[in-house]
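Chemist: Compact mmCIF, C-alpha atoms, saved as start_27.txt, coming up:
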```txt
# COMPACT_ATOMS: atom_id res chain seq x y z
CA MET T 1 37.57 15.41 -72.58
CA ASP T 2 39.17 12.71 -74.67
CA GLY T 3 41.20 15.28 -76.59
CA ILE T 4 44.54 15.48 -78.29
CA HIS T 5 46.05 16.97 -75.10
CA ASP T 6 45.86 13.59 -73.34
CA LEU T 7 49.36 12.58 -74.41
CA GLY T 8 50.41 10.10 -71.72
CA GLY T 9 51.50 6.81 -73.30
CA LYS T 10 50.94 7.92 -76.90
CA GLU T 11 53.60 6.69 -79.31
CA GLY T 12 55.30 8.23 -82.30
CA HIS T 13 56.39 11.57 -80.87
CA GLY T 14 60.08 10.83 -81.33
CA PRO T 15 63.05 11.69 -79.12
CA VAL T 16 62.84 14.28 -76.35
CA PRO T 17 64.49 17.54 -77.51
CA VAL T 18 67.02 17.36 -74.67
CA ALA T 19 69.61 19.75 -76.07
CA THR T 20 67.57 21.95 -78.38
CA GLY T 21 64.81 22.33 -75.80
CA ASP T 22 66.92 23.17 -72.76
CA ALA T 23 66.08 26.88 -72.59
CA PRO T 24 62.73 28.10 -71.27
CA PHE T 25 62.47 30.77 -73.98
CA ASP T 26 63.77 30.97 -77.54
CA TYR T 27 62.01 34.15 -78.67
CA ASP T 28 61.12 37.49 -77.16
CA TRP T 29 57.41 36.97 -77.89
CA GLU T 30 57.54 33.92 -75.62
CA ARG T 31 58.79 36.11 -72.78
CA ARG T 32 56.01 38.61 -73.46
CA MET T 33 53.45 35.80 -73.42
CA TRP T 34 54.77 34.54 -70.10
CA GLY T 35 54.64 38.02 -68.57
CA LEU T 36 51.13 38.61 -69.89
CA ALA T 37 49.85 35.33 -68.53
CA ARG T 38 51.23 36.03 -65.05
CA ALA T 39 49.04 39.12 -64.79
CA GLY T 40 45.69 37.36 -64.50
CA LEU T 41 44.19 38.82 -67.66
CA VAL T 42 40.81 37.08 -67.39
CA PRO T 43 39.63 37.55 -63.79
CA SER T 44 36.36 35.67 -64.30
CA MET T 45 37.98 32.39 -65.40
CA THR T 46 39.25 29.44 -63.37
CA ILE T 47 42.53 27.58 -63.87
CA ASP T 48 40.48 24.60 -65.04
CA TRP T 49 38.69 26.65 -67.69
CA PHE T 50 42.11 27.85 -68.88
CA ARG T 51 43.30 24.23 -69.20
CA HIS T 52 40.02 23.14 -70.79
CA GLY T 53 40.37 26.01 -73.25
CA LEU T 54 43.70 24.55 -74.41
CA GLU T 55 42.00 21.18 -74.85
CA LEU T 56 39.36 22.79 -77.08
CA MET T 57 41.95 24.01 -79.59
CA VAL T 58 41.87 22.69 -83.14
CA PRO T 59 43.68 19.34 -82.69
CA GLY T 60 46.23 19.83 -85.44
CA ASP T 61 47.17 23.20 -83.99
CA TYR T 62 47.55 21.68 -80.52
CA LEU T 63 50.09 19.18 -81.78
CA THR T 64 52.09 21.56 -83.96
CA TYR T 65 52.04 24.82 -81.99
CA SER T 66 54.72 25.46 -79.40
CA TYR T 67 53.74 25.86 -75.76
CA PHE T 68 53.51 29.66 -75.74
CA GLN T 69 51.88 29.70 -79.17
CA LYS T 70 49.13 27.57 -77.63
CA TRP T 71 48.88 29.98 -74.72
CA ALA T 72 48.55 33.01 -77.02
CA THR T 73 45.83 31.31 -79.04
CA ASN T 74 44.02 30.19 -75.90
CA TYR T 75 44.09 33.66 -74.35
CA LEU T 76 42.58 35.11 -77.52
CA MET T 77 39.78 32.54 -77.19
CA LEU T 78 39.40 33.39 -73.49
CA PHE T 79 39.19 37.11 -74.34
CA ALA T 80 36.50 36.53 -76.98
CA ASP T 81 34.58 34.19 -74.72
CA ALA T 82 34.61 36.58 -71.75
CA GLY T 83 33.72 39.60 -73.91
CA ILE T 84 37.05 41.33 -73.25
CA ALA T 85 37.49 41.71 -77.02
CA THR T 86 35.26 40.88 -79.98
CA LEU T 87 36.46 38.63 -82.80
CA ASP T 88 36.72 41.75 -84.99
CA GLU T 89 38.85 43.52 -82.38
CA ILE T 90 41.09 40.45 -82.14
CA ALA T 91 41.52 40.45 -85.92
CA ALA T 92 42.35 44.18 -85.84
CA GLY T 93 44.62 43.86 -82.81
CA HIS T 94 42.94 46.88 -81.21
CA VAL T 95 39.81 47.57 -79.20
CA ASP T 96 37.24 50.14 -80.32
CA ASP T 97 36.79 51.75 -76.90
CA PRO T 98 40.04 51.76 -74.87
CA ALA T 99 39.93 51.87 -71.08
CA PRO T 100 42.20 54.00 -68.86
CA PRO T 101 45.69 52.45 -68.82
CA ALA T 102 46.73 50.19 -65.98
CA ALA T 103 49.34 51.49 -63.54
CA PRO T 104 52.80 50.02 -64.22
CA GLU T 105 54.26 47.69 -61.59
CA THR T 106 57.89 47.22 -60.64
CA THR T 107 59.86 43.99 -60.49
CA ALA T 108 59.84 44.19 -56.68
CA GLN T 109 56.05 44.44 -56.75
CA VAL T 110 55.58 41.43 -59.01
CA ILE T 111 58.00 39.38 -56.90
CA GLU T 112 55.74 40.11 -53.94
CA GLN T 113 52.79 39.03 -56.11
CA VAL T 114 54.56 35.74 -56.79
CA ARG T 115 54.66 35.07 -53.04
CA ALA T 116 51.04 36.13 -52.64
CA GLY T 117 50.17 33.81 -55.53
CA CYS T 118 50.84 30.73 -53.39
CA THR T 119 47.31 29.45 -53.90
CA ASP T 120 45.65 26.87 -51.68
CA PHE T 121 43.29 24.60 -53.63
CA SER T 122 42.15 22.59 -50.62
CA THR T 123 38.59 22.83 -49.30
CA ALA T 124 36.83 21.78 -46.10
CA ALA T 125 35.74 18.13 -46.13
CA GLU T 126 31.96 17.78 -46.18
CA SER T 127 31.93 13.98 -46.22
CA ALA T 128 34.05 11.15 -44.90
CA ALA T 129 36.81 9.87 -47.16
CA ARG T 130 35.87 6.66 -48.96
CA PHE T 131 39.44 5.40 -49.23
CA ALA T 132 42.35 5.14 -46.81
CA VAL T 133 46.08 4.88 -47.45
CA GLY T 134 46.89 1.30 -48.39
CA ASP T 135 43.51 0.61 -50.00
CA ALA T 136 43.29 -0.86 -53.48
CA ALA T 137 41.31 1.27 -55.94
CA ARG T 138 40.34 1.02 -59.59
CA THR T 139 39.85 3.98 -61.93
CA LEU T 140 36.75 4.49 -64.02
CA LYS T 141 36.82 3.55 -67.68
CA GLN T 142 35.35 6.88 -68.73
CA GLY T 143 36.32 10.45 -68.00
CA THR T 144 33.91 13.21 -67.07
CA ALA T 145 32.61 15.57 -69.73
CA PRO T 146 33.70 18.20 -70.51
CA HIS T 147 36.88 18.20 -68.42
CA THR T 148 38.67 15.56 -66.38
CA ARG T 149 42.13 15.05 -64.93
CA LEU T 150 41.92 11.28 -65.28
CA PRO T 151 44.22 10.54 -68.24
CA GLY T 152 43.22 7.92 -70.76
CA TYR T 153 46.23 5.70 -70.06
CA ALA T 154 45.19 5.28 -66.41
CA ARG T 155 41.53 4.42 -66.94
CA GLY T 156 40.12 1.09 -65.82
CA ARG T 157 43.38 0.29 -63.97
CA SER T 158 43.99 -0.87 -60.43
CA GLY T 159 46.37 0.83 -58.06
CA THR T 160 47.08 1.53 -54.42
CA ILE T 161 46.24 4.68 -52.48
CA ILE T 162 49.54 6.00 -51.12
CA ALA T 163 48.39 9.40 -49.84
CA HIS T 164 45.17 11.24 -48.96
CA HIS T 165 45.22 15.02 -49.29
CA GLY T 166 41.84 15.92 -47.82
CA CYS T 167 39.52 17.71 -50.23
CA HIS T 168 40.69 19.78 -53.19
CA LEU T 169 38.69 21.70 -55.78
CA LEU T 170 37.45 19.29 -58.44
CA PRO T 171 38.65 20.36 -61.92
CA ASP T 172 35.64 18.76 -63.62
CA GLN T 173 33.50 21.36 -61.83
CA GLY T 174 36.09 24.13 -61.98
CA ALA T 175 35.99 24.01 -65.79
CA ARG T 176 32.29 24.87 -65.45
CA GLY T 177 33.03 27.74 -63.10
CA ARG T 178 31.91 25.87 -60.00
CA HIS T 179 33.94 25.56 -56.82
CA VAL T 180 33.29 22.08 -55.45
CA GLY T 181 35.70 20.16 -53.24
CA GLU T 182 36.24 16.42 -53.29
CA HIS T 183 38.64 14.01 -51.59
CA LEU T 184 41.94 13.78 -53.44
CA TYR T 185 44.36 10.84 -53.33
CA THR T 186 47.73 9.93 -54.73
CA VAL T 187 47.38 6.53 -56.39
CA SER T 188 50.35 4.38 -57.37
CA PHE T 189 50.09 2.03 -60.37
CA GLY T 190 52.56 -0.68 -61.20
CA ALA T 191 54.10 -0.16 -64.64
CA PRO T 192 53.00 -3.63 -65.86
CA GLU T 193 49.37 -2.79 -64.89
CA LEU T 194 49.54 0.21 -67.21
CA TRP T 195 51.80 -0.99 -70.00
CA GLY T 196 51.86 -4.76 -69.96
CA ALA T 197 54.25 -7.52 -69.04
CA ASP T 198 57.27 -5.99 -70.76
CA ALA T 199 57.32 -3.04 -68.34
CA HIS T 200 59.87 -3.08 -65.50
CA PRO T 201 58.12 -4.83 -62.58
CA ALA T 202 59.55 -2.45 -59.96
CA ASP T 203 58.58 0.76 -61.77
CA THR T 204 55.50 2.75 -60.79
CA VAL T 205 53.50 5.71 -62.05
CA THR T 206 51.60 7.83 -59.53
CA LEU T 207 48.72 10.18 -60.21
CA GLU T 208 46.59 12.50 -58.10
CA LEU T 209 43.02 11.31 -58.51
CA TRP T 210 39.76 12.60 -57.07
CA GLU T 211 37.37 10.27 -55.29
CA SER T 212 34.76 10.29 -58.07
CA TYR T 213 37.39 8.85 -60.46
CA LEU T 214 37.79 5.75 -58.26
CA VAL T 215 35.92 2.65 -57.16
CA PRO T 216 37.11 0.01 -54.68
CA ALA T 217 39.23 -2.59 -56.44
CA MET M 1 32.24 37.20 -68.09
CA THR M 2 33.64 33.77 -68.83
CA SER M 3 30.91 31.50 -70.24
CA PHE M 4 32.37 28.13 -69.17
CA ASP M 5 30.63 26.84 -72.32
CA SER M 6 32.78 24.21 -74.06
CA LYS M 7 30.96 24.47 -77.40
CA LYS M 8 31.38 28.25 -77.44
CA GLY M 9 35.09 27.89 -76.63
CA ALA M 10 35.60 25.33 -79.38
CA ASP M 11 33.67 27.50 -81.89
CA ILE M 12 35.89 30.50 -81.10
CA HIS M 13 39.02 28.36 -81.49
CA ARG M 14 37.88 27.19 -84.92
CA HIS M 15 37.13 30.79 -85.90
CA LEU M 16 40.61 31.91 -84.80
CA HIS M 17 42.16 28.97 -86.68
CA SER M 18 40.41 30.03 -89.91
CA HIS M 19 40.76 33.82 -89.65
CA LEU M 20 44.01 34.67 -87.87
CA PRO M 21 47.55 34.29 -89.22
CA PRO M 22 49.22 31.54 -87.15
CA ASP M 23 52.44 33.55 -86.62
CA PRO M 24 52.82 33.40 -82.82
CA ALA M 25 54.66 36.72 -82.59
CA LEU M 26 51.68 38.43 -84.22
CA ARG M 27 49.21 36.67 -81.94
CA VAL M 28 51.11 37.69 -78.82
CA LYS M 29 51.41 41.25 -80.12
CA ALA M 30 47.66 41.37 -80.69
CA LEU M 31 47.01 39.92 -77.26
CA GLU M 32 49.30 42.46 -75.60
CA SER M 33 47.71 45.38 -77.47
CA LEU M 34 44.22 44.24 -76.51
CA ALA M 35 45.20 43.71 -72.85
CA VAL M 36 46.97 47.08 -72.60
CA GLU M 37 44.14 48.97 -74.32
CA ARG M 38 41.61 47.34 -72.00
CA GLY M 39 43.63 48.58 -69.03
CA LEU M 40 44.36 45.04 -67.82
CA ILE M 41 48.14 45.42 -67.68
CA ALA M 42 50.83 48.01 -68.42
CA PRO M 43 53.64 47.07 -70.85
CA GLU M 44 56.15 47.86 -68.08
CA THR M 45 54.49 45.26 -65.87
CA ILE M 46 55.11 42.60 -68.52
CA ASP M 47 58.78 43.66 -68.49
CA ALA M 48 58.76 43.33 -64.71
CA TRP M 49 57.39 39.78 -64.86
CA VAL M 50 59.97 38.81 -67.45
CA GLU M 51 62.75 40.25 -65.31
CA ALA M 52 61.42 38.55 -62.17
CA TYR M 53 61.52 35.15 -63.85
CA SER M 54 64.82 35.81 -65.63
CA GLU M 55 66.89 37.33 -62.83
CA HIS M 56 65.27 36.41 -59.52
CA ILE M 57 63.17 33.26 -59.80
CA GLY M 58 64.78 30.16 -61.28
CA PRO M 59 66.29 26.77 -60.54
CA MET M 60 68.92 28.37 -58.30
CA ARG M 61 66.13 28.65 -55.75
CA GLY M 62 65.47 24.92 -55.76
CA ALA M 63 69.21 24.26 -55.65
CA GLN M 64 69.53 26.29 -52.44
CA VAL M 65 66.70 24.29 -50.89
CA ILE M 66 68.34 20.98 -51.86
CA ALA M 67 71.71 22.09 -50.50
CA ARG M 68 70.18 22.95 -47.15
CA ALA M 69 68.35 19.62 -47.08
CA TRP M 70 71.69 17.86 -47.58
CA LEU M 71 73.33 19.85 -44.77
CA ASP M 72 70.52 20.08 -42.24
CA PRO M 73 68.61 16.88 -41.37
CA ASP M 74 65.96 18.85 -39.47
CA PHE M 75 65.27 21.02 -42.51
CA LYS M 76 65.18 17.95 -44.72
CA ALA M 77 62.56 16.41 -42.41
CA ARG M 78 60.47 19.59 -42.64
CA LEU M 79 60.87 19.62 -46.42
CA LEU M 80 59.71 16.03 -46.76
CA ASP M 81 56.84 16.66 -44.33
CA ASN M 82 55.51 19.85 -45.97
CA ALA M 83 57.59 21.40 -48.74
CA THR M 84 55.23 24.35 -49.18
CA ALA M 85 55.83 25.38 -45.57
CA ALA M 86 59.55 24.58 -45.69
CA ILE M 87 60.31 26.83 -48.67
CA THR M 88 58.72 29.81 -46.91
CA GLU M 89 61.91 29.76 -44.80
CA PHE M 90 63.56 31.05 -47.99
CA GLY M 91 60.64 33.22 -49.17
CA PHE M 92 60.33 30.96 -52.23
CA GLU M 93 56.62 30.19 -51.94
CA GLY M 94 54.38 31.38 -54.76
CA ASN M 95 53.12 30.47 -58.22
CA ALA M 96 52.19 26.78 -58.38
CA THR M 97 53.84 25.77 -55.11
CA GLY M 98 50.80 25.95 -52.83
CA HIS M 99 50.89 22.14 -52.60
CA LEU M 100 54.57 21.32 -53.09
CA HIS M 101 55.90 17.85 -52.29
CA ALA M 102 59.57 16.85 -52.09
CA VAL M 103 60.42 13.28 -53.10
CA GLU M 104 63.80 11.76 -52.33
CA ASN M 105 66.03 9.70 -54.57
CA THR M 106 67.83 6.79 -52.92
CA ALA M 107 70.24 4.08 -54.03
CA THR M 108 67.24 1.96 -55.07
CA GLN M 109 64.61 4.56 -56.05
CA HIS M 110 64.63 7.23 -58.75
CA ASN M 111 61.89 9.87 -59.02
CA MET M 112 60.87 11.68 -62.18
CA VAL M 113 58.15 14.33 -62.70
CA VAL M 114 55.90 14.94 -65.71
CA CYS M 115 52.54 16.47 -66.53
CA THR M 116 50.97 14.39 -69.30
CA LEU M 117 47.76 16.45 -69.58
CA CYS M 118 49.31 19.93 -69.84
CA SER M 119 52.70 21.04 -68.50
CA CYS M 120 52.26 21.76 -64.78
CA TYR M 121 55.49 22.88 -63.12
CA PRO M 122 56.49 24.38 -59.73
CA PHE M 123 57.33 27.84 -61.08
CA SER M 124 58.21 29.72 -57.89
CA ILE M 125 60.85 27.19 -56.87
CA LEU M 126 62.29 26.08 -60.27
CA GLY M 127 61.46 29.08 -62.48
CA MET M 128 60.24 28.68 -66.02
CA SER M 129 60.17 25.14 -67.33
CA PRO M 130 62.54 24.01 -70.11
CA ALA M 131 61.00 23.53 -73.55
CA TRP M 132 61.62 19.78 -73.50
CA TYR M 133 59.41 19.44 -70.40
CA LYS M 134 56.51 20.82 -72.47
CA SER M 135 57.26 18.73 -75.56
CA ALA M 136 54.83 16.08 -76.78
CA ALA M 137 57.71 13.58 -76.71
CA TYR M 138 58.41 14.02 -72.99
CA ARG M 139 54.75 14.25 -71.99
CA SER M 140 53.81 11.11 -73.91
CA ARG M 141 56.83 8.92 -73.14
CA ALA M 142 57.85 9.74 -69.55
CA VAL M 143 55.08 7.57 -68.10
CA ARG M 144 55.39 4.74 -70.60
CA GLU M 145 59.12 4.31 -71.08
CA PRO M 146 60.87 6.39 -68.40
CA ARG M 147 64.11 4.42 -68.73
CA ALA M 148 64.37 5.13 -72.45
CA VAL M 149 63.67 8.81 -71.79
CA LEU M 150 66.30 8.89 -69.04
CA ALA M 151 68.81 7.33 -71.42
CA GLU M 152 68.23 10.22 -73.83
CA PHE M 153 69.22 12.54 -70.97
CA GLY M 154 72.38 10.51 -70.45
CA VAL M 155 71.10 8.75 -67.33
CA ASP M 156 72.06 5.10 -67.32
CA LEU M 157 69.79 3.60 -64.68
CA PRO M 158 70.76 0.20 -63.26
CA GLY M 159 68.03 -2.43 -63.38
CA ASP M 160 67.90 -2.65 -59.58
CA VAL M 161 66.89 1.01 -59.24
CA ALA M 162 63.10 1.40 -59.40
CA VAL M 163 61.63 4.40 -61.21
CA ARG M 164 58.63 6.24 -59.86
CA VAL M 165 57.07 8.71 -62.30
CA TRP M 166 54.87 11.42 -60.76
CA ASP M 167 52.21 12.57 -63.23
CA SER M 168 51.04 15.97 -61.93
CA THR M 169 47.31 15.60 -62.56
CA ALA M 170 46.13 17.90 -59.71
CA GLU M 171 47.53 21.05 -58.08
CA LEU M 172 50.24 19.12 -56.25
CA ARG M 173 53.72 19.85 -57.57
CA TYR M 174 56.92 17.92 -57.05
CA ILE M 175 60.59 18.63 -56.52
CA VAL M 176 63.06 15.74 -56.53
CA ILE M 177 65.77 15.67 -53.86
CA PRO M 178 68.76 14.15 -55.68
CA GLU M 179 71.36 12.13 -53.80
CA ARG M 180 74.29 14.12 -52.45
CA PRO M 181 77.33 12.98 -54.43
CA GLU M 182 80.45 11.56 -52.86
CA GLY M 183 83.41 13.88 -52.64
CA THR M 184 81.38 16.80 -51.30
CA GLU M 185 82.18 16.32 -47.63
CA GLY M 186 82.76 19.64 -45.90
CA TRP M 187 81.28 21.73 -48.70
CA ASP M 188 79.18 24.73 -47.70
CA ALA M 189 75.66 25.45 -48.93
CA ASP M 190 76.68 27.70 -51.82
CA ARG M 191 79.20 25.21 -53.16
CA LEU M 192 76.66 22.39 -52.89
CA ALA M 193 73.87 24.44 -54.52
CA ALA M 194 76.12 25.09 -57.50
CA ILE M 195 76.20 21.39 -58.45
CA VAL M 196 72.43 20.83 -58.20
CA THR M 197 71.09 20.89 -61.74
CA ARG M 198 67.58 21.89 -62.72
CA ASN M 199 67.07 18.55 -64.41
CA SER M 200 68.06 16.68 -61.24
CA MET M 201 65.16 18.39 -59.45
CA ILE M 202 62.77 17.27 -62.22
CA GLY M 203 64.32 13.81 -62.23
CA THR M 204 65.93 13.69 -65.67
CA ASP M 205 69.41 13.91 -64.17
CA ARG M 206 70.59 11.58 -61.38
CA VAL M 207 74.29 11.41 -60.57
CA LEU M 208 75.54 14.88 -59.69
CA LYS M 209 79.21 15.74 -59.93
CA GLY M 210 81.18 16.10 -56.72
CA ALA M 211 84.88 16.73 -56.44
```
Render the structure in this file as structure tokens.

Modeler:
Amino acid sequence: MDGIHDLGGKEGHGPVPVATGDAPFDYDWERRMWGLARAGLVPSMTIDWFRHGLELMVPGDYLTYSYFQKWATNYLMLFADAGIATLDEIAAGHVDDPAPPAAPETTAQVIEQVRAGCTDFSTAAESAARFAVGDAARTLKQGTAPHTRLPGYARGRSGTIIAHHGCHLLPDQGARGRHVGEHLYTVSFGAPELWGADAHPADTVTLELWESYLVPA
Amino acid sequence: MTSFDSKKGADIHRHLHSHLPPDPALRVKALESLAVERGLIAPETIDAWVEAYSEHIGPMRGAQVIARAWLDPDFKARLLDNATAAITEFGFEGNATGHLHAVENTATQHNMVVCTLCSCYPFSILGMSPAWYKSAAYRSRAVREPRAVLAEFGVDLPGDVAVRVWDSTAELRYIVIPERPEGTEGWDADRLAAIVTRNSMIGTDRVLKGA
């Protein structure tokens, strides 16, 4: 969606917080949020629905909340959506009918889960690839509703295919709970194509783009 | 079950915005209570995840991989060919590194990684991402004015070095192989790993300090 999350190329956000933002965590609740999120709390969702959920936040909140504050808010939405907790239970911070507690896991166990969590998003190719490495390609001017991974700044631009990755799950469908593969490419764009003549002529920006985002240039 | 209904999701977000205090500590506390009471996770398991990503999984992993790449040309070739497979030699595969790619800095090419649409990051090899990586400033500006962003990190990039910015729009993740600095001849892997900074593997640091 053409939401507030699509930040690439937007101006006015000021300097990067290089020194003040060096640490991954500033507060204990951020650590708790990270640990919670690792545990796969909403088994029926997809990673694309999680990302789309963040995009659906109230725009002002998206811009002003910190990263883990966004996550906490999104997980509450995901809980309500999936029926894990009602809006009243979220407001109360407790459920009306608790389930048996989960068994605690050790650090060694979760480290093994990290290794097992090396997820493969590729799928078997069901059609021939439309583009080959070296081909020129142009991106569409519109994204797909409700979810796309084609950023606004790279729409309607011409680039060069520099890698083909076979087929990967298409996020546009994943956000709808569907598992559909499509050819995925890395496309390189010259900085002047994206940002105009003042950009450094040797600089490039590369994006991973699915076949349905592209037409021959 | 998840609805995958965008309107429903947006409606719930607006409800939460209007009815819940914004204090993030309270929201996380509520989320944890709900998850524990639903039997989805034990509080001790959250502690275990925090400890795993504080003590065991972090940028020191990536630094070990870079040091070996500097010392062992065969490993470096494997890393450039298929980084996901190469890091299994260390047992570092995992969260968000199922499609890991290593990209190499040279005298004429600098690589820099961003995720403009969210904040994708190769967790199992670099640990938790720094706050600046998730900031609106970095996400918005890295693709548009990478040289100005690099200058804020203290990187003075000569005009004859081209910048390639990798915007992580799919499930591919990137680790930058920085150049091995002069004055490190004869150093062993541990000594080399100690000078590889996290930021150099994201691409916001370039010239590492040798002897």

Chemist: For Tyr65 of chain T, which of M:Lys134, M:Arg38, M:Arg173, M:Arg206 is the closest residue, counting only C-alpha atoms?

Modeler: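 Between M:Lys134, M:Arg38, M:Arg173, M:Arg206, the residue approaching Tyr65 of chain T most closely is M:Lys134.
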
Chemist: Do you know which residues are at most 10 Å from segment 139-143 of chain M counting all atoms listed in the file, after dropping those on the same chain fewer than 6 positions away, and could you put them as a ChimeraX atom specification?

Modeler: /T:5-16,153,191,194-195,203-206 /M:112-119,132-133,149-150,164-167,204

Chemist: Pick from T:Val18, T:Met45, T:Ala132, T:Leu87: nearest to Asp205 of chain M, with all atoms listed in the file counted?

Modeler: T:Val18

Chemist: Write out as a PyMOL selection string the residues lying within 10 Å of Trp71 of chain T, counting all atoms listed in the file and excluding same-chain residues fewer than 4 positions away.

Modeler: (chain T and resi 30+33-34+37+50-51+53-54+65-67+75-77) or (chain M and resi 24+27-28)

Chemist: Would you mind telling me which residue in M:Asp74, M:Glu152, M:Asp190, M:Glu89 lies nearest to chain T when using only C-alpha atoms?

Modeler: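 When distances to chain T are compared using only C-alpha atoms, the smallest one comes from M:Glu152.
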
Chemist: Just how far from atom CA of Thr144 of chain T is atom CA of Phe4 of chain M, in Å to one decimal?

Modeler: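 Rounded to one decimal, the two atoms are 15.1 Å apart.
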
Chemist: Of the candidates T:Gly117, T:Pro101, T:Pro201, T:Pro24, which one gets nearest to Gly40 of chain T if we count only C-alpha atoms?

Modeler: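 Looking at the shortest contact to Gly40 of chain T, the residue is T:Gly117.
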